[in-house]
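Dumped query09.csv below, it's CSV, C-alpha atoms:
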chain,number,residue,atom,x,y,z
A,21,MET,CA,-25.1,-36.6,14.8
A,22,LYS,CA,-24.4,-35.6,11.2
A,23,THR,CA,-27.1,-36.6,8.8
A,24,SER,CA,-27.6,-36.1,5.0
A,25,LEU,CA,-31.0,-34.6,4.4
A,26,PHE,CA,-30.7,-33.5,0.8
A,27,LYS,CA,-29.9,-35.0,-2.6
A,28,ILE,CA,-27.3,-33.7,-5.0
A,29,MET,CA,-28.5,-31.0,-7.4
A,30,GLN,CA,-26.7,-31.2,-10.7
A,31,ALA,CA,-28.3,-28.5,-12.8
A,32,GLY,CA,-26.0,-25.8,-14.0
A,33,ILE,CA,-26.9,-22.6,-15.9
A,34,LEU,CA,-26.9,-24.2,-19.3
A,35,THR,CA,-29.3,-26.9,-18.1
A,36,VAL,CA,-31.7,-24.3,-16.6
A,37,LEU,CA,-31.7,-22.3,-19.8
A,38,PHE,CA,-32.5,-25.4,-21.8
A,39,ILE,CA,-35.3,-26.4,-19.4
A,40,ALA,CA,-36.7,-22.8,-19.6
A,41,VAL,CA,-37.4,-23.5,-23.3
A,42,LEU,CA,-39.0,-26.9,-22.8
A,43,ILE,CA,-41.1,-26.6,-19.7
A,44,PRO,CA,-44.7,-25.4,-20.3
A,45,GLY,CA,-45.5,-22.3,-18.2
A,46,SER,CA,-41.9,-21.0,-18.3
A,47,CYS,CA,-41.5,-17.7,-20.0
A,48,THR,CA,-38.9,-15.4,-21.4
A,49,GLY,CA,-39.1,-11.6,-21.3
A,50,ILE,CA,-37.2,-8.7,-22.7
A,51,SER,CA,-37.6,-5.2,-21.3
A,52,ASP,CA,-34.7,-3.4,-22.9
A,53,ASP,CA,-31.9,-4.5,-25.2
A,54,SER,CA,-29.5,-5.2,-22.3
A,55,VAL,CA,-31.8,-7.4,-20.2
A,56,THR,CA,-33.3,-10.8,-20.7
A,57,TYR,CA,-34.9,-13.1,-18.2
A,58,GLN,CA,-36.5,-16.5,-17.8
A,59,THR,CA,-39.1,-17.4,-15.2
A,60,ILE,CA,-39.5,-21.0,-14.1
A,61,GLY,CA,-41.9,-21.7,-11.3
A,62,ASN,CA,-41.0,-19.4,-8.5
A,63,ASP,CA,-37.5,-18.6,-9.8
A,64,THR,CA,-36.3,-16.0,-12.3
A,65,LEU,CA,-32.9,-16.0,-14.0
A,66,TYR,CA,-31.8,-12.6,-15.2
A,67,GLN,CA,-29.1,-11.9,-17.8
A,68,CYS,CA,-27.5,-8.5,-18.6
A,69,ASP,CA,-25.5,-7.8,-21.7
A,70,ALA,CA,-23.0,-5.1,-20.7
A,71,SER,CA,-22.3,-4.2,-24.4
A,72,LYS,CA,-25.9,-3.0,-24.8
A,73,ILE,CA,-26.1,-0.7,-21.7
A,74,ASN,CA,-26.3,2.8,-23.1
A,75,ARG,CA,-26.9,5.2,-20.3
A,76,LEU,CA,-25.3,6.6,-17.1
A,77,GLU,CA,-27.4,7.6,-14.1
A,78,THR,CA,-26.4,9.7,-11.2
A,79,ILE,CA,-28.0,8.4,-8.0
A,80,ARG,CA,-28.2,9.9,-4.6
A,81,LEU,CA,-27.2,7.5,-1.8
A,82,SER,CA,-30.3,8.5,0.1
A,83,GLU,CA,-32.4,6.8,-2.6
A,84,TRP,CA,-30.8,3.5,-1.6
A,85,ILE,CA,-30.3,3.7,2.2
A,86,SER,CA,-31.9,5.1,5.3
A,87,ASP,CA,-30.4,5.9,8.8
A,88,PHE,CA,-27.1,7.1,7.4
A,89,GLN,CA,-24.5,7.8,10.1
A,90,ILE,CA,-20.8,8.4,10.5
A,91,VAL,CA,-19.2,6.2,13.1
A,92,ARG,CA,-15.9,7.2,14.7
A,93,PHE,CA,-14.4,4.2,16.4
A,94,GLU,CA,-12.8,4.8,19.8
A,95,ASP,CA,-9.1,5.3,19.9
A,96,SER,CA,-8.1,3.0,22.8
A,97,ASP,CA,-5.2,0.6,22.1
A,98,THR,CA,-7.6,-2.4,22.4
A,99,ALA,CA,-10.1,-0.8,19.9
A,100,LEU,CA,-7.6,-0.1,17.1
A,101,PHE,CA,-7.9,-2.3,14.0
A,102,LYS,CA,-7.0,-2.9,10.4
A,103,PHE,CA,-10.1,-3.3,8.4
A,104,TRP,CA,-11.0,-6.2,6.1
A,105,LYS,CA,-14.7,-7.1,6.4
A,106,VAL,CA,-17.5,-5.6,8.4
A,107,TYR,CA,-20.7,-7.2,9.8
A,108,ILE,CA,-23.5,-4.8,10.9
A,109,THR,CA,-26.7,-5.7,12.8
A,110,GLU,CA,-29.3,-3.4,14.5
A,111,HIS,CA,-27.0,-2.7,17.5
A,112,TYR,CA,-23.5,-4.1,16.7
A,113,ILE,CA,-20.6,-3.7,14.3
A,114,GLY,CA,-18.3,-6.7,13.9
A,115,ILE,CA,-14.8,-6.1,12.4
A,116,LEU,CA,-12.9,-9.0,10.7
A,117,GLN,CA,-9.3,-7.9,10.4
A,118,ASN,CA,-6.6,-8.8,7.9
A,119,ALA,CA,-4.2,-11.6,8.7
A,120,GLN,CA,-4.0,-13.0,12.2
A,121,SER,CA,-6.0,-10.6,14.4
A,122,PRO,CA,-9.0,-11.1,16.6
A,123,PHE,CA,-12.6,-10.4,15.6
A,124,LYS,CA,-13.6,-7.1,17.2
A,125,LEU,CA,-17.1,-6.1,18.3
A,126,PHE,CA,-18.4,-2.5,18.6
A,127,ASN,CA,-21.7,-0.8,19.1
A,128,HIS,CA,-23.2,1.8,16.6
A,129,GLN,CA,-21.5,4.6,18.5
A,130,GLY,CA,-18.1,3.1,17.9
A,131,ARG,CA,-17.6,2.1,21.4
A,132,PHE,CA,-15.4,-1.0,21.7
A,133,ILE,CA,-17.2,-4.0,23.4
A,134,CYS,CA,-14.8,-6.9,23.2
A,135,ASP,CA,-12.5,-9.1,21.2
A,136,VAL,CA,-14.4,-12.2,20.2
A,137,GLY,CA,-12.0,-15.1,20.7
A,138,SER,CA,-8.3,-14.8,20.3
A,139,ILE,CA,-5.3,-15.9,18.2
A,140,GLY,CA,-3.9,-19.3,19.2
A,141,GLN,CA,-4.4,-23.1,19.1
A,142,GLY,CA,-6.4,-23.6,22.3
A,143,PRO,CA,-10.2,-23.9,22.9
A,144,GLY,CA,-12.0,-20.9,21.4
A,145,GLU,CA,-8.9,-19.7,19.6
A,146,TYR,CA,-8.2,-19.5,15.9
A,147,THR,CA,-5.3,-18.8,13.5
A,148,MET,CA,-7.0,-17.1,10.5
A,149,LEU,CA,-10.7,-16.2,9.9
A,150,TYR,CA,-12.6,-15.8,6.6
A,151,SER,CA,-16.1,-14.9,7.6
A,152,ALA,CA,-18.5,-14.2,10.5
A,153,ALA,CA,-22.1,-13.9,11.4
A,154,ILE,CA,-23.9,-12.1,14.3
A,155,ASP,CA,-27.3,-13.1,15.6
A,156,GLU,CA,-28.8,-10.7,18.3
A,157,ARG,CA,-31.8,-13.0,18.8
A,158,THR,CA,-29.7,-15.8,20.1
A,159,ASN,CA,-26.9,-13.6,21.6
A,160,THR,CA,-24.4,-15.4,19.3
A,161,VAL,CA,-21.4,-14.6,17.2
A,162,CYS,CA,-20.2,-17.4,14.8
A,163,LEU,CA,-16.7,-17.3,13.3
A,164,ALA,CA,-15.6,-19.4,10.3
A,165,PRO,CA,-12.0,-20.2,9.4
A,166,PHE,CA,-10.1,-19.5,6.2
A,167,SER,CA,-9.6,-23.2,6.0
A,168,GLY,CA,-10.5,-25.8,8.7
A,169,ASP,CA,-13.1,-28.2,10.0
A,170,LYS,CA,-14.9,-26.3,12.8
A,171,LEU,CA,-17.1,-23.2,13.3
A,172,LEU,CA,-16.6,-21.4,16.6
A,173,LYS,CA,-19.6,-20.0,18.6
A,174,TYR,CA,-19.3,-17.2,21.2
A,175,THR,CA,-21.7,-14.9,23.1
A,176,LEU,CA,-22.0,-11.2,22.3
A,177,ASN,CA,-19.8,-10.6,25.4
A,178,GLY,CA,-17.0,-12.5,23.6
A,179,ASP,CA,-17.2,-15.7,25.8
A,180,PHE,CA,-16.5,-18.9,24.0
A,181,VAL,CA,-19.6,-21.3,23.8
A,182,CYS,CA,-18.5,-24.3,21.7
A,183,PRO,CA,-17.0,-25.5,18.5
A,184,VAL,CA,-19.2,-27.0,15.8
A,185,SER,CA,-17.5,-29.8,13.8
A,186,ILE,CA,-18.4,-29.5,10.1
A,187,GLY,CA,-15.7,-31.2,8.1
A,188,LYS,CA,-13.0,-29.8,5.8
A,189,MET,CA,-14.1,-26.3,4.6
A,190,GLN,CA,-12.4,-23.8,2.3
A,191,LYS,CA,-13.3,-20.1,2.6
A,192,PRO,CA,-16.8,-20.7,4.1
A,193,GLN,CA,-19.5,-18.1,4.1
A,194,ILE,CA,-22.2,-18.3,6.8
A,195,ARG,CA,-25.4,-16.6,7.9
A,196,PHE,CA,-28.0,-17.1,10.6
A,197,GLU,CA,-31.5,-17.9,9.5
A,198,THR,CA,-34.6,-16.7,11.3
A,199,ASP,CA,-34.9,-19.9,13.3
A,200,GLY,CA,-31.4,-19.6,14.8
A,201,SER,CA,-29.9,-22.2,12.4
A,202,ILE,CA,-26.8,-21.4,10.3
A,203,SER,CA,-26.5,-21.9,6.6
A,204,LEU,CA,-23.0,-22.4,5.1
A,205,VAL,CA,-21.5,-22.4,1.6
A,206,HIS,CA,-17.8,-22.7,0.7
A,207,LEU,CA,-15.4,-23.3,-2.1
A,208,CYS,CA,-16.0,-26.8,-3.2
A,209,PHE,CA,-12.9,-28.3,-4.8
A,210,ARG,CA,-13.6,-30.8,-7.5
A,211,ASN,CA,-13.1,-34.4,-6.5
A,212,MET,CA,-11.7,-33.3,-3.1
A,213,THR,CA,-14.5,-31.8,-1.1
A,214,GLY,CA,-17.3,-33.9,0.4
A,215,PHE,CA,-20.1,-31.3,0.5
A,216,GLN,CA,-21.3,-28.1,-1.1
A,217,TYR,CA,-23.5,-26.7,1.6
A,218,ALA,CA,-24.2,-27.3,5.3
A,219,ARG,CA,-27.0,-26.5,7.6
A,220,ILE,CA,-26.4,-26.3,11.4
A,221,ASP,CA,-29.5,-26.3,13.5
A,222,SER,CA,-29.9,-24.6,16.8
A,223,ASP,CA,-28.8,-27.8,18.6
A,224,ASN,CA,-25.6,-27.9,16.4
A,225,HIS,CA,-26.7,-30.9,14.4
A,226,VAL,CA,-25.3,-30.7,10.9
A,227,SER,CA,-26.9,-31.7,7.6
A,228,TYR,CA,-25.1,-31.6,4.2
A,229,ILE,CA,-25.8,-31.1,0.5
A,230,LEU,CA,-23.5,-33.1,-1.7
A,231,PRO,CA,-21.2,-31.3,-4.3
A,232,ASP,CA,-22.7,-30.0,-7.5
A,233,LYS,CA,-20.2,-30.9,-10.2
A,234,ASN,CA,-21.2,-27.8,-12.2
A,235,GLN,CA,-20.1,-25.5,-9.4
A,236,ALA,CA,-16.9,-27.3,-8.2
A,237,VAL,CA,-13.7,-25.4,-8.4
A,238,ASP,CA,-10.5,-26.9,-9.9
A,239,ALA,CA,-8.0,-27.0,-7.1
A,240,ARG,CA,-5.0,-27.5,-9.4
A,241,ASP,CA,-4.0,-26.0,-12.7
A,242,LYS,CA,-2.9,-28.0,-15.7
A,243,HIS,CA,0.7,-28.2,-14.3
A,244,GLY,CA,-0.5,-29.8,-11.1
A,245,ASN,CA,0.0,-26.6,-9.0
A,246,PHE,CA,-2.5,-26.0,-6.2
A,247,VAL,CA,-4.4,-22.8,-7.1
A,248,GLY,CA,-7.7,-23.4,-5.3
A,249,PHE,CA,-7.3,-20.6,-2.8
A,250,ASN,CA,-6.8,-18.1,-5.7
A,251,HIS,CA,-10.6,-18.1,-6.0
A,252,GLU,CA,-13.0,-16.2,-3.8
A,253,ILE,CA,-16.5,-16.9,-2.8
A,254,TRP,CA,-18.8,-13.8,-2.4
A,255,PHE,CA,-21.8,-13.8,-0.2
A,256,TYR,CA,-23.6,-10.6,0.7
A,257,SER,CA,-27.0,-11.7,2.1
A,258,ASN,CA,-29.0,-8.6,1.4
A,259,THR,CA,-32.3,-10.5,0.7
A,260,ALA,CA,-34.1,-13.4,2.2
A,261,ASP,CA,-32.7,-15.6,-0.6
A,262,PHE,CA,-29.4,-17.4,-0.1
A,263,THR,CA,-27.3,-16.2,-3.1
A,264,TYR,CA,-23.6,-16.3,-3.7
A,265,MET,CA,-21.0,-16.5,-6.5
A,266,THR,CA,-17.4,-17.5,-7.0
A,267,THR,CA,-14.6,-16.1,-9.2
A,268,ALA,CA,-14.5,-19.5,-11.0
A,269,ILE,CA,-18.0,-19.2,-12.3
A,270,ASP,CA,-19.4,-16.0,-13.7
A,271,THR,CA,-22.9,-16.6,-12.2
A,272,LEU,CA,-24.8,-15.6,-9.1
A,273,TYR,CA,-26.5,-18.7,-7.7
A,274,LYS,CA,-29.5,-19.1,-5.4
A,275,PHE,CA,-29.6,-22.0,-3.0
A,276,ASN,CA,-32.9,-23.1,-1.5
A,277,PRO,CA,-32.2,-24.8,1.9
A,278,GLN,CA,-35.8,-26.2,2.0
A,279,ASN,CA,-35.4,-28.5,-1.0
A,280,GLY,CA,-31.6,-28.5,-1.5
A,281,GLN,CA,-31.8,-27.1,-5.0
A,282,THR,CA,-29.4,-24.6,-6.6
A,283,THR,CA,-30.5,-22.4,-9.5
A,284,PRO,CA,-28.7,-19.7,-11.4
A,285,ARG,CA,-30.0,-16.2,-10.5
A,286,PHE,CA,-28.0,-13.6,-12.4
A,287,THR,CA,-25.2,-13.3,-14.9
A,288,MET,CA,-23.6,-10.6,-17.1
A,289,THR,CA,-22.2,-11.1,-20.5
A,290,ASN,CA,-19.8,-9.1,-22.7
A,291,HIS,CA,-18.1,-7.2,-19.9
A,292,THR,CA,-14.5,-6.1,-20.2
A,293,GLY,CA,-13.4,-6.8,-16.6
A,294,PHE,CA,-11.5,-9.9,-15.6
A,295,TYR,CA,-14.5,-10.7,-13.4
A,296,CYS,CA,-17.6,-9.0,-12.1
A,297,VAL,CA,-18.9,-9.0,-8.5
A,298,TYR,CA,-22.7,-9.6,-8.4
A,299,ASN,CA,-24.7,-8.4,-5.4
A,300,GLU,CA,-28.5,-8.8,-5.1
A,301,PHE,CA,-30.5,-6.1,-3.4
A,302,PRO,CA,-34.3,-6.2,-2.7
A,303,SER,CA,-35.0,-4.0,-5.7
A,304,CYS,CA,-32.1,-4.7,-8.1
A,305,PHE,CA,-28.8,-6.4,-8.9
A,306,ILE,CA,-25.8,-4.2,-8.4
A,307,ILE,CA,-22.6,-5.1,-10.1
A,308,ASN,CA,-19.0,-4.0,-9.7
A,309,ALA,CA,-18.0,-4.4,-13.4
A,310,GLY,CA,-14.5,-2.8,-13.0
A,311,PRO,CA,-13.2,-0.5,-15.7
A,312,VAL,CA,-15.5,-0.2,-18.7
A,313,VAL,CA,-14.6,1.1,-22.1
A,314,LYS,CA,-17.1,1.2,-25.0
A,315,ASP,CA,-16.7,2.3,-28.6
A,316,LEU,CA,-18.4,5.6,-28.3
A,317,TRP,CA,-18.4,6.6,-24.7
A,318,LYS,CA,-16.7,5.9,-21.4
A,319,PRO,CA,-18.8,6.1,-18.3
A,320,GLU,CA,-17.3,7.5,-15.1
A,321,SER,CA,-18.4,4.4,-13.1
A,322,GLY,CA,-17.9,0.7,-13.3
A,323,ILE,CA,-21.0,0.2,-11.2
A,324,VAL,CA,-23.9,-1.4,-13.1
A,325,VAL,CA,-27.5,-1.5,-11.8
A,326,MET,CA,-30.2,-3.9,-13.2
A,327,ASP,CA,-33.6,-3.0,-11.9
A,328,LYS,CA,-35.8,-6.0,-11.2
A,329,GLN,CA,-39.1,-4.2,-11.7
A,330,SER,CA,-38.4,-2.3,-14.9
A,331,LYS,CA,-36.1,-5.0,-16.2
A,332,GLN,CA,-33.6,-2.3,-17.3
A,333,SER,CA,-30.0,-1.7,-16.6
A,334,TYR,CA,-27.6,1.3,-16.5
A,335,TYR,CA,-24.2,2.5,-15.3
A,336,ALA,CA,-24.5,4.3,-12.0
A,337,LYS,CA,-22.5,7.1,-10.5
A,338,VAL,CA,-23.5,7.1,-6.8
A,339,ILE,CA,-23.0,10.2,-4.7
A,340,ASN,CA,-23.4,10.6,-0.9
A,341,ASP,CA,-25.9,13.5,-0.7
A,342,GLN,CA,-25.7,13.1,3.1
A,343,ALA,CA,-22.0,13.8,3.3
A,344,GLY,CA,-21.2,16.7,0.9
A,345,HIS,CA,-22.0,14.7,-2.2
A,346,LEU,CA,-18.8,12.7,-2.0
A,347,PRO,CA,-18.5,9.9,-4.5
A,348,VAL,CA,-19.5,6.4,-3.3
A,349,ASN,CA,-17.4,3.4,-4.3
A,350,ASP,CA,-18.4,0.6,-2.0
A,351,LEU,CA,-22.2,0.3,-2.5
A,352,PRO,CA,-21.7,-3.0,-4.5
A,353,TYR,CA,-20.1,-4.6,-1.4
A,354,SER,CA,-23.0,-3.9,1.0
A,355,ASN,CA,-23.9,-7.0,3.1
A,356,ASN,CA,-26.5,-8.2,5.6
A,357,GLY,CA,-28.8,-5.3,4.6
A,358,TRP,CA,-26.3,-2.5,5.4
A,359,TYR,CA,-24.2,-0.2,3.2
A,360,HIS,CA,-20.7,0.5,4.7
A,361,GLU,CA,-17.7,2.3,3.6
A,362,MET,CA,-14.6,2.3,5.9
A,363,PHE,CA,-11.8,4.8,5.9
A,364,GLU,CA,-8.5,5.2,7.6
A,365,PRO,CA,-8.4,8.9,8.7
A,366,TYR,CA,-5.9,9.9,6.1
A,367,GLN,CA,-7.9,8.2,3.4
A,368,LEU,CA,-11.0,10.1,4.2
A,369,ILE,CA,-9.0,13.4,4.4
A,370,GLU,CA,-7.6,12.7,0.9
A,371,LYS,CA,-11.0,11.8,-0.5
A,372,ILE,CA,-12.5,15.1,0.8
A,373,GLN,CA,-9.5,17.1,-0.5
A,374,ALA,CA,-9.7,15.6,-3.9
A,375,HIS,CA,-13.5,16.3,-4.1
A,376,LEU,CA,-13.0,19.9,-3.0
A,377,LYS,CA,-10.2,20.4,-5.5
A,378,GLU,CA,-12.6,19.7,-8.4
A,379,ASN,CA,-14.4,23.1,-7.5
A,380,LYS,CA,-17.8,21.6,-8.2
A,381,CYS,CA,-19.1,21.8,-4.7
A,382,SER,CA,-21.9,24.0,-3.6
A,383,LYS,CA,-21.2,26.5,-0.8
A,384,GLU,CA,-23.2,24.3,1.6
A,385,ASP,CA,-21.4,21.1,0.6
A,386,ARG,CA,-18.0,22.8,0.9
A,387,LYS,CA,-18.9,23.9,4.4
A,388,ILE,CA,-20.0,20.3,5.3
A,389,LEU,CA,-16.8,18.8,3.9
A,390,GLU,CA,-14.5,21.3,5.5
A,391,GLU,CA,-16.0,20.8,8.9
A,392,LEU,CA,-15.8,17.0,8.5
A,393,LYS,CA,-12.2,17.2,7.3
A,394,ASN,CA,-11.2,19.5,10.2
A,395,SER,CA,-12.8,17.1,12.8
A,396,ILE,CA,-10.7,14.1,11.7
A,397,ASP,CA,-7.9,13.0,14.0
A,398,GLU,CA,-5.2,11.8,11.6
A,399,ASP,CA,-3.8,9.5,14.3
A,400,GLY,CA,-7.2,8.2,15.3
A,401,ASN,CA,-9.0,4.9,14.6
A,402,ASN,CA,-11.0,4.2,11.5
A,403,ILE,CA,-14.2,6.0,10.4
A,404,LEU,CA,-17.2,4.2,9.0
A,405,PHE,CA,-20.0,5.5,6.8
A,406,MET,CA,-23.0,3.2,7.1
A,407,GLY,CA,-26.7,3.0,6.5
A,408,LYS,CA,-29.6,0.5,6.2
A,409,ILE,CA,-30.5,-0.6,2.6
A,410,LYS,CA,-34.1,0.2,1.7
A,411,LYS,CA,-36.4,-2.6,0.9
Written as structure tokens, how would this file's structure read?
Amino acid sequence: MKTSLFKIMQAGILTVLFIAVLIPGSCTGISDDSVTYQTIGNDTLYQCDASKINRLETIRLSEWISDFQIVRFEDSDTALFKFWKVYITEHYIGILQNAQSPFKLFNHQGRFICDVGSIGQGPGEYTMLYSAAIDERTNTVCLAPFSGDKLLKYTLNGDFVCPVSIGKMQKPQIRFETDGSISLVHLCFRNMTGFQYARIDSDNHVSYILPDKNQAVDARDKHGNFVGFNHEIWFYSNTADFTYMTTAIDTLYKFNPQNGQTTPRFTMTNHTGFYCVYNEFPSCFIINAGPVVKDLWKPESGIVVMDKQSKQSYYAKVINDQAGHLPVNDLPYSNNGWYHEMFEPYQLIEKIQAHLKENKCSKEDRKILEELKNSIDEDGNNILFMGKIKK
């Protein structure tokens, strides 16, 4: 039975900022010129002014992650894949491929376990996926469609369990909670979509949170053309909080499934990119700000870090000190508590060659990179750098 357990929350970022001024006990703090924040009850809204960031830090990847490893996926015909999104747990690596290809499951040694479901129109089949979640505690893989009305559940052996009827969804993002339930957020089209969030309990009962008009996406442009799917919804789940953002609204939001409330969590102003991607880590916010050009200096990196404890921000150049000090580009896209960077063999070879060509490597790093480059099979399967994000 589908039941509505929550009321609509209609407070956007401007409302929250207004309330922060009026409510006794709320406070505003400033720790450097680039960072401001408001604390209201148990929630804090951070804002970073990109135009006031004035330093560049070089950071070792080992400061951010533990258990770094290089995974070489097996080369069998059934194991080959084209990478789009990756989902890592303590023992599994799930691969969501581009276009119409099945979800693949591997272990941490790169051994192929199974295809989860298959392409088609029958029970347990799908035509195009957008996201996935893996829960080792309940032996479950859940797959979400690019657009559709059902989630699909499978075992970790790839066996189909059941569909879960949700209602019309657009680019849904999902995660398992500690009690085995599933939380879901998706692109909510203005005046077209019946819910903003859904919660699916362990018995597959569904509850809904109604649309928030401040977060709804316009599905059509001023000429009446359908443009809704031009937007993305980003959801990285690196903390206990349920946070996400869309390209339509330049704000990271936090959703509280216990009370059904949505509050703004982070935003950046005065950045030069078309949009920024915001990701919350336990200790900081990490932002892919795209190309950045300032009046007096041009940092080598478009990665911005805003430290929660110090309330300071800086541009970050991240280097992989566990793999010959190669530059790291994909840290802002870490999800589910894991850093990951995927390479096709030729891409990793080219990355190593470009780094060696700069002639800035130590003798030890050069040896490490030459050995890694020579060990790569150009005709082999993909290679994954991965590690667990420190808390």
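The coordinates place atom CA of Ser54 of chain A at 4.9 Å from atom CA of Lys72 of chain A.
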Query raised in the report: Given the choices A:Gly140, A:Pro122, A:Pro347, A:Gly280, which gets closest to Arg219 of chain A if the distance is worked out from all atoms listed in the file?
Result: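 Selected residue with least distance to Arg219 of chain A: A:Gly280.
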Query - Residue contacts of His111 of chain A (9 Å, only C-alpha atoms) excluding same-chain residues fewer than 2 positions away, as a PyMOL selection string - result: chain A and resi 108-109+113+126-128+156
Report task. Between A:Phe249, A:Phe275, A:Tyr112, A:Phe123, single out the one closest to Thr147 of chain A, counting all atoms listed in the file. Result -> A:Phe123
Requested in this report: Rounded to one decimal place, report the atom CA of His206 of chain A-atom CA of Asp261 of chain A distance in Å.
Outcome: 16.6 Å
Report task. Considering only C-alpha atoms, return as an MDAnalysis selection string whatever protein or nucleic-acid residues lie within 9 Å of Lys102 of chain A, sequence-local ones (same chain, fewer than 2 positions apart) excluded. Result -> chainID A and resid 100 104 115:118 121 364 402
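Each of A:Gly400, A:Pro192, A:Gly144, A:Gly407 was compared to Leu368 of chain A using only C-alpha atoms, and A:Gly400 turns out to be the nearest.
The two atoms in question, atom CA of Ile339 of chain A and atom CA of Arg80 of chain A, are spaced 5.2 Å apart.
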Report task. Excluding Cys68 of chain A and residues on its chain fewer than 4 positions from it, collect all residues at most 9 Å away from it, counting only C-alpha atoms, and give them as JSON, numbers by chain. Result -> {"A": [53, 54, 55, 56, 57, 72, 73, 286, 287, 288, 289, 290, 326, 332, 333]}
Query raised in the report: In terms of the shortest atom-to-atom distance over all atoms listed in the file, which of A:Ala309, A:Ile388, A:Leu204, A:Ala164 is closest to Ile229 of chain A?
Result: A:Leu204
Requested in this report: Give me the residues within 9 Å of Ile90 of chain A as a PyMOL selection string, counting all atoms listed in the file and dropping any in the same chain fewer than 4 places off.
Outcome: chain A and resi 129+403-407
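Of the listed residues (A:Asn177, A:Gly344, A:Ser82, A:Ile323), A:Gly344 comes nearest to Ser382 of chain A; the distances count only C-alpha atoms.
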Query raised in the report: Which residues come within 10 Å of segment 267-271 of chain A, counting all atoms listed in the file, excluding same-chain residues fewer than 4 positions away, as an MDAnalysis selection string?
Result: chainID A and resid 32:33 67 207 234:238 248 250:254 283:289 294:298
Give as a short mmCIF file (atom, residue, chain, number, x, y, z; two decimals) with C-alpha atoms, in the frame of the given file the set of residues within 12 Å of the point (-24.7, -9.3, -0.6), where distances use the file's coordinates and only C-alpha atoms.
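Just written: selection.cif:
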data_model
loop_
_atom_site.label_atom_id
_atom_site.label_comp_id
_atom_site.auth_asym_id
_atom_site.auth_seq_id
_atom_site.Cartn_x
_atom_site.Cartn_y
_atom_site.Cartn_z
CA TYR A 107 -20.70 -7.20 9.80
CA GLN A 193 -19.50 -18.10 4.10
CA ILE A 194 -22.20 -18.30 6.80
CA ARG A 195 -25.40 -16.60 7.90
CA ILE A 253 -16.50 -16.90 -2.80
CA TRP A 254 -18.80 -13.80 -2.40
CA PHE A 255 -21.80 -13.80 -0.20
CA TYR A 256 -23.60 -10.60 0.70
CA SER A 257 -27.00 -11.70 2.10
CA ASN A 258 -29.00 -8.60 1.40
CA THR A 259 -32.30 -10.50 0.70
CA ALA A 260 -34.10 -13.40 2.20
CA ASP A 261 -32.70 -15.60 -0.60
CA PHE A 262 -29.40 -17.40 -0.10
CA THR A 263 -27.30 -16.20 -3.10
CA TYR A 264 -23.60 -16.30 -3.70
CA MET A 265 -21.00 -16.50 -6.50
CA LEU A 272 -24.80 -15.60 -9.10
CA TYR A 273 -26.50 -18.70 -7.70
CA LYS A 274 -29.50 -19.10 -5.40
CA VAL A 297 -18.90 -9.00 -8.50
CA TYR A 298 -22.70 -9.60 -8.40
CA ASN A 299 -24.70 -8.40 -5.40
CA GLU A 300 -28.50 -8.80 -5.10
CA PHE A 301 -30.50 -6.10 -3.40
CA PRO A 302 -34.30 -6.20 -2.70
CA CYS A 304 -32.10 -4.70 -8.10
CA PHE A 305 -28.80 -6.40 -8.90
CA ILE A 306 -25.80 -4.20 -8.40
CA ILE A 307 -22.60 -5.10 -10.10
CA ASN A 308 -19.00 -4.00 -9.70
CA ASP A 350 -18.40 0.60 -2.00
CA LEU A 351 -22.20 0.30 -2.50
CA PRO A 352 -21.70 -3.00 -4.50
CA TYR A 353 -20.10 -4.60 -1.40
CA SER A 354 -23.00 -3.90 1.00
CA ASN A 355 -23.90 -7.00 3.10
CA ASN A 356 -26.50 -8.20 5.60
CA GLY A 357 -28.80 -5.30 4.60
CA TRP A 358 -26.30 -2.50 5.40
CA TYR A 359 -24.20 -0.20 3.20
CA HIS A 360 -20.70 0.50 4.70
CA ILE A 409 -30.50 -0.60 2.60
#
